[in-house]
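Data file: structure34.pdb. Format and content: PDB, C-alpha atoms.
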```
ATOM      1  CA  MET A1119     176.639  53.622 -64.323  1.00  0.00           C
ATOM      2  CA  ASP A1120     176.233  51.187 -61.393  1.00  0.00           C
ATOM      3  CA  VAL A1121     178.704  52.239 -58.683  1.00  0.00           C
ATOM      4  CA  SER A1122     179.271  48.641 -57.597  1.00  0.00           C
ATOM      5  CA  GLN A1123     180.573  47.878 -61.088  1.00  0.00           C
ATOM      6  CA  THR A1124     182.981  50.784 -61.398  1.00  0.00           C
ATOM      7  CA  THR A1125     186.704  50.458 -61.124  1.00  0.00           C
ATOM      8  CA  GLU A1126     189.158  53.034 -59.890  1.00  0.00           C
ATOM      9  CA  THR A1127     190.148  53.748 -63.499  1.00  0.00           C
ATOM     10  CA  ASP A1128     186.519  54.585 -64.478  1.00  0.00           C
ATOM     11  CA  VAL A1129     186.407  57.729 -62.323  1.00  0.00           C
ATOM     12  CA  ARG A1130     188.367  60.976 -61.854  1.00  0.00           C
ATOM     13  CA  PRO A1131     191.931  60.363 -60.668  1.00  0.00           C
ATOM     14  CA  GLU A1132     191.248  62.048 -57.299  1.00  0.00           C
ATOM     15  CA  ALA A1133     188.174  59.896 -56.716  1.00  0.00           C
ATOM     16  CA  ALA A1134     190.109  56.789 -57.732  1.00  0.00           C
ATOM     17  CA  LEU A1135     192.853  57.640 -55.252  1.00  0.00           C
ATOM     18  CA  LEU A1136     190.283  58.258 -52.506  1.00  0.00           C
ATOM     19  CA  GLY A1137     188.744  54.862 -53.269  1.00  0.00           C
ATOM     20  CA  ILE A1138     192.099  53.129 -52.991  1.00  0.00           C
ATOM     21  CA  TYR A1139     192.906  55.034 -49.795  1.00  0.00           C
ATOM     22  CA  LEU A1140     189.603  54.203 -48.103  1.00  0.00           C
ATOM     23  CA  ASN A1141     189.722  50.562 -49.168  1.00  0.00           C
ATOM     24  CA  ASP A1142     193.247  50.314 -47.770  1.00  0.00           C
ATOM     25  CA  HIS A1143     191.934  51.710 -44.481  1.00  0.00           C
ATOM     26  CA  LEU A1144     189.096  49.195 -44.641  1.00  0.00           C
ATOM     27  CA  THR A1145     191.729  46.459 -44.884  1.00  0.00           C
ATOM     28  CA  GLY A1146     193.333  47.818 -41.726  1.00  0.00           C
ATOM     29  CA  ALA A1147     189.959  48.239 -40.023  1.00  0.00           C
ATOM     30  CA  THR A1148     189.111  44.617 -40.762  1.00  0.00           C
ATOM     31  CA  PHE A1149     192.453  43.510 -39.310  1.00  0.00           C
ATOM     32  CA  GLY A1150     191.879  45.751 -36.293  1.00  0.00           C
ATOM     33  CA  THR A1151     188.360  44.484 -35.681  1.00  0.00           C
ATOM     34  CA  GLU A1152     189.597  40.903 -35.648  1.00  0.00           C
ATOM     35  CA  LEU A1153     192.574  41.720 -33.417  1.00  0.00           C
ATOM     36  CA  ALA A1154     190.475  43.748 -30.966  1.00  0.00           C
ATOM     37  CA  SER A1155     188.042  40.836 -30.671  1.00  0.00           C
ATOM     38  CA  ARG A1156     190.901  38.422 -30.041  1.00  0.00           C
ATOM     39  CA  ILE A1157     192.375  40.692 -27.371  1.00  0.00           C
ATOM     40  CA  ALA A1158     188.986  40.970 -25.661  1.00  0.00           C
ATOM     41  CA  ARG A1159     188.606  37.166 -25.690  1.00  0.00           C
ATOM     42  CA  THR A1160     192.132  36.698 -24.330  1.00  0.00           C
ATOM     43  CA  TYR A1161     191.447  38.944 -21.331  1.00  0.00           C
ATOM     44  CA  ARG A1162     187.926  37.627 -20.664  1.00  0.00           C
ATOM     45  CA  GLY A1163     187.537  37.067 -16.940  1.00  0.00           C
ATOM     46  CA  SER A1164     190.237  39.611 -16.040  1.00  0.00           C
ATOM     47  CA  LYS A1165     189.722  42.956 -14.325  1.00  0.00           C
ATOM     48  CA  ASP A1166     190.097  44.569 -17.773  1.00  0.00           C
ATOM     49  CA  ALA A1167     187.519  42.378 -19.505  1.00  0.00           C
ATOM     50  CA  GLN A1168     184.753  44.971 -19.764  1.00  0.00           C
ATOM     51  CA  ALA A1169     187.025  47.770 -20.954  1.00  0.00           C
ATOM     52  CA  LEU A1170     188.480  45.517 -23.656  1.00  0.00           C
ATOM     53  CA  ALA A1171     185.061  44.186 -24.692  1.00  0.00           C
ATOM     54  CA  ASP A1172     183.823  47.776 -25.006  1.00  0.00           C
ATOM     55  CA  PHE A1173     186.946  48.681 -26.968  1.00  0.00           C
ATOM     56  CA  ALA A1174     186.396  45.755 -29.385  1.00  0.00           C
ATOM     57  CA  ALA A1175     182.790  46.850 -29.916  1.00  0.00           C
ATOM     58  CA  GLU A1176     183.942  50.411 -30.651  1.00  0.00           C
ATOM     59  CA  VAL A1177     186.506  49.186 -33.173  1.00  0.00           C
ATOM     60  CA  ALA A1178     183.810  47.187 -34.966  1.00  0.00           C
ATOM     61  CA  GLY A1179     181.615  50.300 -34.929  1.00  0.00           C
ATOM     62  CA  ASP A1180     184.438  52.384 -36.364  1.00  0.00           C
ATOM     63  CA  ARG A1181     184.800  49.895 -39.225  1.00  0.00           C
ATOM     64  CA  ALA A1182     181.054  50.154 -39.877  1.00  0.00           C
ATOM     65  CA  ALA A1183     181.317  53.969 -39.841  1.00  0.00           C
ATOM     66  CA  LEU A1184     184.064  53.792 -42.463  1.00  0.00           C
ATOM     67  CA  ILE A1185     181.897  51.600 -44.685  1.00  0.00           C
ATOM     68  CA  GLU A1186     178.987  54.040 -44.281  1.00  0.00           C
ATOM     69  CA  MET A1187     181.214  56.962 -45.285  1.00  0.00           C
ATOM     70  CA  MET A1188     182.507  55.036 -48.271  1.00  0.00           C
ATOM     71  CA  ALA A1189     178.911  54.454 -49.366  1.00  0.00           C
ATOM     72  CA  ALA A1190     178.061  58.134 -48.872  1.00  0.00           C
ATOM     73  CA  LEU A1191     181.008  59.059 -51.078  1.00  0.00           C
ATOM     74  CA  GLY A1192     180.120  56.456 -53.709  1.00  0.00           C
ATOM     75  CA  VAL A1193     183.291  54.473 -53.036  1.00  0.00           C
ATOM     76  CA  PRO A1194     182.709  50.762 -53.645  1.00  0.00           C
ATOM     77  CA  VAL A1195     184.007  48.322 -51.057  1.00  0.00           C
ATOM     78  CA  ARG A1196     186.660  46.070 -52.529  1.00  0.00           C
ATOM     79  CA  GLN A1197     185.817  42.795 -50.813  1.00  0.00           C
ATOM     80  CA  TYR A1198     189.183  41.266 -51.632  1.00  0.00           C
ATOM     81  CA  LYS A1199     190.883  44.022 -49.620  1.00  0.00           C
ATOM     82  CA  ALA A1200     188.603  43.456 -46.627  1.00  0.00           C
ATOM     83  CA  LEU A1201     189.324  39.736 -46.905  1.00  0.00           C
ATOM     84  CA  LEU A1202     193.038  40.508 -47.005  1.00  0.00           C
ATOM     85  CA  GLY A1203     192.763  42.257 -43.618  1.00  0.00           C
ATOM     86  CA  TRP A1204     190.930  39.268 -42.163  1.00  0.00           C
ATOM     87  CA  VAL A1205     193.521  36.819 -43.515  1.00  0.00           C
ATOM     88  CA  ALA A1206     196.427  39.001 -42.348  1.00  0.00           C
ATOM     89  CA  GLU A1207     195.137  38.990 -38.765  1.00  0.00           C
ATOM     90  CA  LYS A1208     194.797  35.207 -38.804  1.00  0.00           C
ATOM     91  CA  ALA A1209     198.273  34.828 -40.330  1.00  0.00           C
ATOM     92  CA  GLY A1210     199.669  37.136 -37.650  1.00  0.00           C
ATOM     93  CA  ARG A1211     198.839  34.481 -35.084  1.00  0.00           C
ATOM     94  CA  LEU A1212     201.430  32.208 -36.676  1.00  0.00           C
ATOM     95  CA  LYS A1213     204.353  34.476 -35.822  1.00  0.00           C
ATOM     96  CA  PRO A1214     207.324  32.804 -34.175  1.00  0.00           C
ATOM     97  CA  ASN A1215     207.063  33.791 -30.529  1.00  0.00           C
ATOM     98  CA  GLY A1216     209.291  31.375 -28.686  1.00  0.00           C
ATOM     99  CA  ARG A1217     206.412  29.005 -27.949  1.00  0.00           C
ATOM    100  CA  LEU A1218     205.091  26.211 -30.091  1.00  0.00           C
ATOM    101  CA  LEU A1219     201.662  25.386 -28.678  1.00  0.00           C
ATOM    102  CA  ASP A1220     200.780  28.070 -26.150  1.00  0.00           C
ATOM    103  CA  ARG A1221     200.574  31.834 -26.000  1.00  0.00           C
ATOM    104  CA  SER A1222     203.857  33.646 -25.505  1.00  0.00           C
ATOM    105  CA  PRO A1223     204.157  36.346 -22.841  1.00  0.00           C
ATOM    106  CA  LEU A1224     205.221  38.595 -25.745  1.00  0.00           C
ATOM    107  CA  SER A1225     201.870  38.175 -27.501  1.00  0.00           C
ATOM    108  CA  GLY A1226     200.004  40.704 -25.378  1.00  0.00           C
ATOM    109  CA  LEU A1227     202.675  43.359 -25.820  1.00  0.00           C
ATOM    110  CA  VAL A1228     202.859  42.865 -29.576  1.00  0.00           C
ATOM    111  CA  GLU A1229     199.060  42.869 -29.880  1.00  0.00           C
ATOM    112  CA  PHE A1230     198.639  46.080 -27.885  1.00  0.00           C
ATOM    113  CA  GLU A1231     201.394  47.750 -29.918  1.00  0.00           C
ATOM    114  CA  ALA A1232     199.846  46.648 -33.215  1.00  0.00           C
ATOM    115  CA  MET A1233     196.422  47.770 -32.066  1.00  0.00           C
ATOM    116  CA  ARG A1234     197.809  51.153 -30.979  1.00  0.00           C
ATOM    117  CA  LEU A1235     199.414  51.637 -34.395  1.00  0.00           C
ATOM    118  CA  GLY A1236     196.123  50.750 -36.054  1.00  0.00           C
ATOM    119  CA  VAL A1237     194.196  53.236 -33.940  1.00  0.00           C
ATOM    120  CA  GLU A1238     196.721  55.950 -34.816  1.00  0.00           C
ATOM    121  CA  GLY A1239     196.200  55.125 -38.514  1.00  0.00           C
ATOM    122  CA  LYS A1240     192.434  55.227 -38.068  1.00  0.00           C
ATOM    123  CA  GLY A1241     192.748  58.685 -36.507  1.00  0.00           C
ATOM    124  CA  ALA A1242     194.781  59.823 -39.502  1.00  0.00           C
ATOM    125  CA  CYS A1243     192.020  58.588 -41.810  1.00  0.00           C
ATOM    126  CA  TRP A1244     189.368  60.495 -39.838  1.00  0.00           C
ATOM    127  CA  ARG A1245     191.512  63.650 -40.071  1.00  0.00           C
ATOM    128  CA  THR A1246     191.859  63.190 -43.837  1.00  0.00           C
ATOM    129  CA  LEU A1247     188.105  62.783 -44.160  1.00  0.00           C
ATOM    130  CA  GLN A1248     187.596  65.923 -42.037  1.00  0.00           C
ATOM    131  CA  THR A1249     189.566  67.835 -44.667  1.00  0.00           C
ATOM    132  CA  LEU A1250     187.293  66.416 -47.350  1.00  0.00           C
ATOM    133  CA  ALA A1251     184.190  67.198 -45.250  1.00  0.00           C
ATOM    134  CA  ASP A1252     185.124  70.887 -45.386  1.00  0.00           C
ATOM    135  CA  ARG A1253     184.082  70.891 -49.046  1.00  0.00           C
ATOM    136  CA  ASP A1254     181.876  67.785 -49.383  1.00  0.00           C
ATOM    137  CA  ASP A1255     178.574  67.760 -47.524  1.00  0.00           C
ATOM    138  CA  ARG A1256     178.175  64.003 -47.995  1.00  0.00           C
ATOM    139  CA  LEU A1257     180.372  63.650 -44.906  1.00  0.00           C
ATOM    140  CA  ASP A1258     179.234  64.653 -41.420  1.00  0.00           C
ATOM    141  CA  ARG A1259     182.044  66.712 -39.885  1.00  0.00           C
ATOM    142  CA  GLY A1260     180.571  66.367 -36.388  1.00  0.00           C
ATOM    143  CA  ARG A1261     180.568  62.590 -36.676  1.00  0.00           C
ATOM    144  CA  LEU A1262     184.167  62.659 -37.844  1.00  0.00           C
ATOM    145  CA  GLU A1263     185.104  64.815 -34.857  1.00  0.00           C
ATOM    146  CA  ASP A1264     183.439  62.274 -32.554  1.00  0.00           C
ATOM    147  CA  LEU A1265     185.251  59.394 -34.253  1.00  0.00           C
ATOM    148  CA  LEU A1266     188.570  61.202 -33.981  1.00  0.00           C
ATOM    149  CA  ALA A1267     188.004  61.910 -30.274  1.00  0.00           C
ATOM    150  CA  ARG A1268     187.174  58.233 -29.791  1.00  0.00           C
ATOM    151  CA  ALA A1269     190.356  57.197 -31.611  1.00  0.00           C
ATOM    152  CA  ASP A1270     192.382  59.473 -29.334  1.00  0.00           C
ATOM    153  CA  ARG A1271     190.717  57.946 -26.263  1.00  0.00           C
ATOM    154  CA  GLN A1272     191.320  54.440 -27.624  1.00  0.00           C
ATOM    155  CA  ALA A1273     195.006  55.209 -28.199  1.00  0.00           C
ATOM    156  CA  ASP A1274     195.323  56.368 -24.580  1.00  0.00           C
ATOM    157  CA  LEU A1275     193.558  53.222 -23.332  1.00  0.00           C
ATOM    158  CA  LEU A1276     195.824  50.978 -25.384  1.00  0.00           C
ATOM    159  CA  GLU A1277     198.936  52.824 -24.261  1.00  0.00           C
ATOM    160  CA  GLY A1278     197.966  52.172 -20.646  1.00  0.00           C
ATOM    161  CA  PHE A1279     197.595  48.462 -21.342  1.00  0.00           C
ATOM    162  CA  ARG A1280     200.809  48.394 -23.379  1.00  0.00           C
ATOM    163  CA  VAL A1281     202.832  50.051 -20.632  1.00  0.00           C
ATOM    164  CA  ARG A1282     201.449  47.679 -17.995  1.00  0.00           C
ATOM    165  CA  VAL A1283     202.086  44.561 -20.095  1.00  0.00           C
ATOM    166  CA  ALA A1284     205.602  45.776 -20.960  1.00  0.00           C
ATOM    167  CA  ALA A1285     206.373  46.396 -17.286  1.00  0.00           C
ATOM    168  CA  GLU A1286     205.134  42.920 -16.344  1.00  0.00           C
ATOM    169  CA  LEU A1287     207.186  41.401 -19.151  1.00  0.00           C
ATOM    170  CA  VAL A1288     210.448  42.962 -18.022  1.00  0.00           C
ATOM    171  CA  GLY A1289     209.729  42.377 -14.336  1.00  0.00           C
ATOM    172  CA  VAL A1290     208.934  45.928 -13.247  1.00  0.00           C
ATOM    173  CA  ASP A1291     205.999  46.328 -10.867  1.00  0.00           C
TER     174      ASP A1291
END
```

Using the file provided, produce a representation of the structure as structure tokens.
Amino acid sequence: MDVSQTTETDVRPEAALLGIYLNDHLTGATFGTELASRIARTYRGSKDAQALADFAAEVAGDRAALIEMMAALGVPVRQYKALLGWVAEKAGRLKPNGRLLDRSPLSGLVEFEAMRLGVEGKGACWRTLQTLADRDDRLDRGRLEDLLARADRQADLLEGFRVRVAAELVGVD
């Protein structure tokens, strides 16, 4: 049977659930990749530009790592779910923010908070896959450990930016 033609109902229930789970994380990873790129573009030219550009590149790499693991596990990518993440990030730009044509001072805070939540979710996914790697040699446990350490570092980086933006927003230096 061609894996690209299978549906979640054509496989064992556990494998179907894993496929749904990983595709849902791919939706989030697609959203996160787009948001991280937007954040990096927003802060281009600032003292934080390089750190945010590096962060955006890591997030894109994490998404690619997820796709590679899905392939190793025989989990087909559901393109409509990846597209949903892309569309959701674009739609998120339309949020009412007190400004009609320009960027609200709240945008940075909301973006860093959303990105932090996404990174926490990504870390949870890596931990779930570590559990699976204990009994499935198609997954590289060492790579998952590296990805989890990177997610932890990313969360700390984002928290630093979030705290600074929040302090600026409420007038605390």

Point-to-point distance from atom CA of Gly1226 of chain A to atom CA of Arg1162 of chain A, Å rounded to tenths:
13.3 Å

Run the PyMOL selection byres ((chain A and resi 1241) around 9) against the file shown and list the residues it catches, as a list in words.
Gly1236, Val1237, Glu1238, Gly1239, Lys1240, Ala1242, Cys1243, Trp1244, Arg1245, Thr1246, Leu1265, Leu1266, Ala1267, Arg1268, Ala1269 and Asp1270 of chain A

Next, dump the selected residues to file, keeping only C-alpha atoms, as a short mmCIF file (atom, residue, chain, number, x, y, z; two decimals), in the coordinates of the input.
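Final output, saved to part.cif:
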```
data_model
loop_
_atom_site.label_atom_id
_atom_site.label_comp_id
_atom_site.auth_asym_id
_atom_site.auth_seq_id
_atom_site.Cartn_x
_atom_site.Cartn_y
_atom_site.Cartn_z
CA GLY A 1236 196.12 50.75 -36.05
CA VAL A 1237 194.20 53.24 -33.94
CA GLU A 1238 196.72 55.95 -34.82
CA GLY A 1239 196.20 55.12 -38.51
CA LYS A 1240 192.43 55.23 -38.07
CA ALA A 1242 194.78 59.82 -39.50
CA CYS A 1243 192.02 58.59 -41.81
CA TRP A 1244 189.37 60.50 -39.84
CA ARG A 1245 191.51 63.65 -40.07
CA THR A 1246 191.86 63.19 -43.84
CA LEU A 1265 185.25 59.39 -34.25
CA LEU A 1266 188.57 61.20 -33.98
CA ALA A 1267 188.00 61.91 -30.27
CA ARG A 1268 187.17 58.23 -29.79
CA ALA A 1269 190.36 57.20 -31.61
CA ASP A 1270 192.38 59.47 -29.33
#
```

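Nearest residue to Ala1232 of chain A, choosing from A:Glu1286, A:Glu1277, A:Asp1254, A:Glu1132 and counting only C-alpha atoms: A:Glu1277.
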
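Each of A:Arg1234, A:Arg1181, A:Arg1196, A:Arg1256 was checked against Leu1275 of chain A using all atoms listed in the file; the smallest atom-to-atom distance is that of A:Arg1234.
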
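Take the candidates A:Met1233, A:Val1195, A:Ala1134, A:Val1228 and check each one against Glu1152 of chain A using only C-alpha atoms; the shortest distance goes to A:Met1233.
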
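Using only C-alpha atoms, the contacts of Ala1171 of chain A at a cut-off of 8 Å, with sequence neighbours closer than 4 positions omitted, comprise Ser1155, Ala1158, Arg1159, Ala1167 and Ala1175 of chain A.
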
Would you save segment 1157-1202 of chain A from the block above with C-alpha atoms, as a PDB file, in the first residue's frame?
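File produced: decode-v1.pdb:
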```
ATOM      1  CA  ILE A1157       8.967  38.747  14.088  1.00  0.00           C
ATOM      2  CA  ALA A1158      12.481  38.626  12.629  1.00  0.00           C
ATOM      3  CA  ARG A1159      11.441  40.983   9.803  1.00  0.00           C
ATOM      4  CA  THR A1160       9.767  43.361  12.261  1.00  0.00           C
ATOM      5  CA  TYR A1161      12.940  43.703  14.340  1.00  0.00           C
ATOM      6  CA  ARG A1162      15.328  43.878  11.366  1.00  0.00           C
ATOM      7  CA  GLY A1163      17.826  46.652  11.992  1.00  0.00           C
ATOM      8  CA  SER A1164      17.429  46.471  15.784  1.00  0.00           C
ATOM      9  CA  LYS A1165      20.022  45.273  18.282  1.00  0.00           C
ATOM     10  CA  ASP A1166      18.067  41.990  18.451  1.00  0.00           C
ATOM     11  CA  ALA A1167      17.958  41.412  14.696  1.00  0.00           C
ATOM     12  CA  GLN A1168      20.546  38.634  14.543  1.00  0.00           C
ATOM     13  CA  ALA A1169      19.167  36.724  17.520  1.00  0.00           C
ATOM     14  CA  LEU A1170      15.661  36.839  16.042  1.00  0.00           C
ATOM     15  CA  ALA A1171      16.866  35.897  12.550  1.00  0.00           C
ATOM     16  CA  ASP A1172      18.714  32.922  14.054  1.00  0.00           C
ATOM     17  CA  PHE A1173      15.616  32.008  16.051  1.00  0.00           C
ATOM     18  CA  ALA A1174      13.434  32.108  12.899  1.00  0.00           C
ATOM     19  CA  ALA A1175      15.912  29.855  11.092  1.00  0.00           C
ATOM     20  CA  GLU A1176      15.848  27.390  14.002  1.00  0.00           C
ATOM     21  CA  VAL A1177      12.050  27.313  14.006  1.00  0.00           C
ATOM     22  CA  ALA A1178      12.046  26.530  10.283  1.00  0.00           C
ATOM     23  CA  GLY A1179      14.612  23.796  10.955  1.00  0.00           C
ATOM     24  CA  ASP A1180      12.458  22.369  13.729  1.00  0.00           C
ATOM     25  CA  ARG A1181       9.513  22.175  11.321  1.00  0.00           C
ATOM     26  CA  ALA A1182      11.727  20.344   8.817  1.00  0.00           C
ATOM     27  CA  ALA A1183      12.856  17.948  11.575  1.00  0.00           C
ATOM     28  CA  LEU A1184       9.220  17.174  12.372  1.00  0.00           C
ATOM     29  CA  ILE A1185       8.513  16.398   8.721  1.00  0.00           C
ATOM     30  CA  GLU A1186      11.578  14.123   8.594  1.00  0.00           C
ATOM     31  CA  MET A1187      10.392  12.245  11.688  1.00  0.00           C
ATOM     32  CA  MET A1188       6.922  11.899  10.228  1.00  0.00           C
ATOM     33  CA  ALA A1189       8.462  10.367   7.106  1.00  0.00           C
ATOM     34  CA  ALA A1190      10.601   8.009   9.197  1.00  0.00           C
ATOM     35  CA  LEU A1191       7.471   6.860  11.010  1.00  0.00           C
ATOM     36  CA  GLY A1192       5.488   6.491   7.782  1.00  0.00           C
ATOM     37  CA  VAL A1193       3.099   9.282   8.753  1.00  0.00           C
ATOM     38  CA  PRO A1194       1.850  11.116   5.662  1.00  0.00           C
ATOM     39  CA  VAL A1195       1.828  14.902   5.741  1.00  0.00           C
ATOM     40  CA  ARG A1196      -1.694  16.242   5.466  1.00  0.00           C
ATOM     41  CA  GLN A1197      -1.107  19.287   3.283  1.00  0.00           C
ATOM     42  CA  TYR A1198      -4.445  20.829   4.184  1.00  0.00           C
ATOM     43  CA  LYS A1199      -3.367  20.940   7.839  1.00  0.00           C
ATOM     44  CA  ALA A1200      -0.058  22.606   6.972  1.00  0.00           C
ATOM     45  CA  LEU A1201      -1.982  25.095   4.841  1.00  0.00           C
ATOM     46  CA  LEU A1202      -4.316  25.727   7.766  1.00  0.00           C
TER      47      LEU A1202
END
```
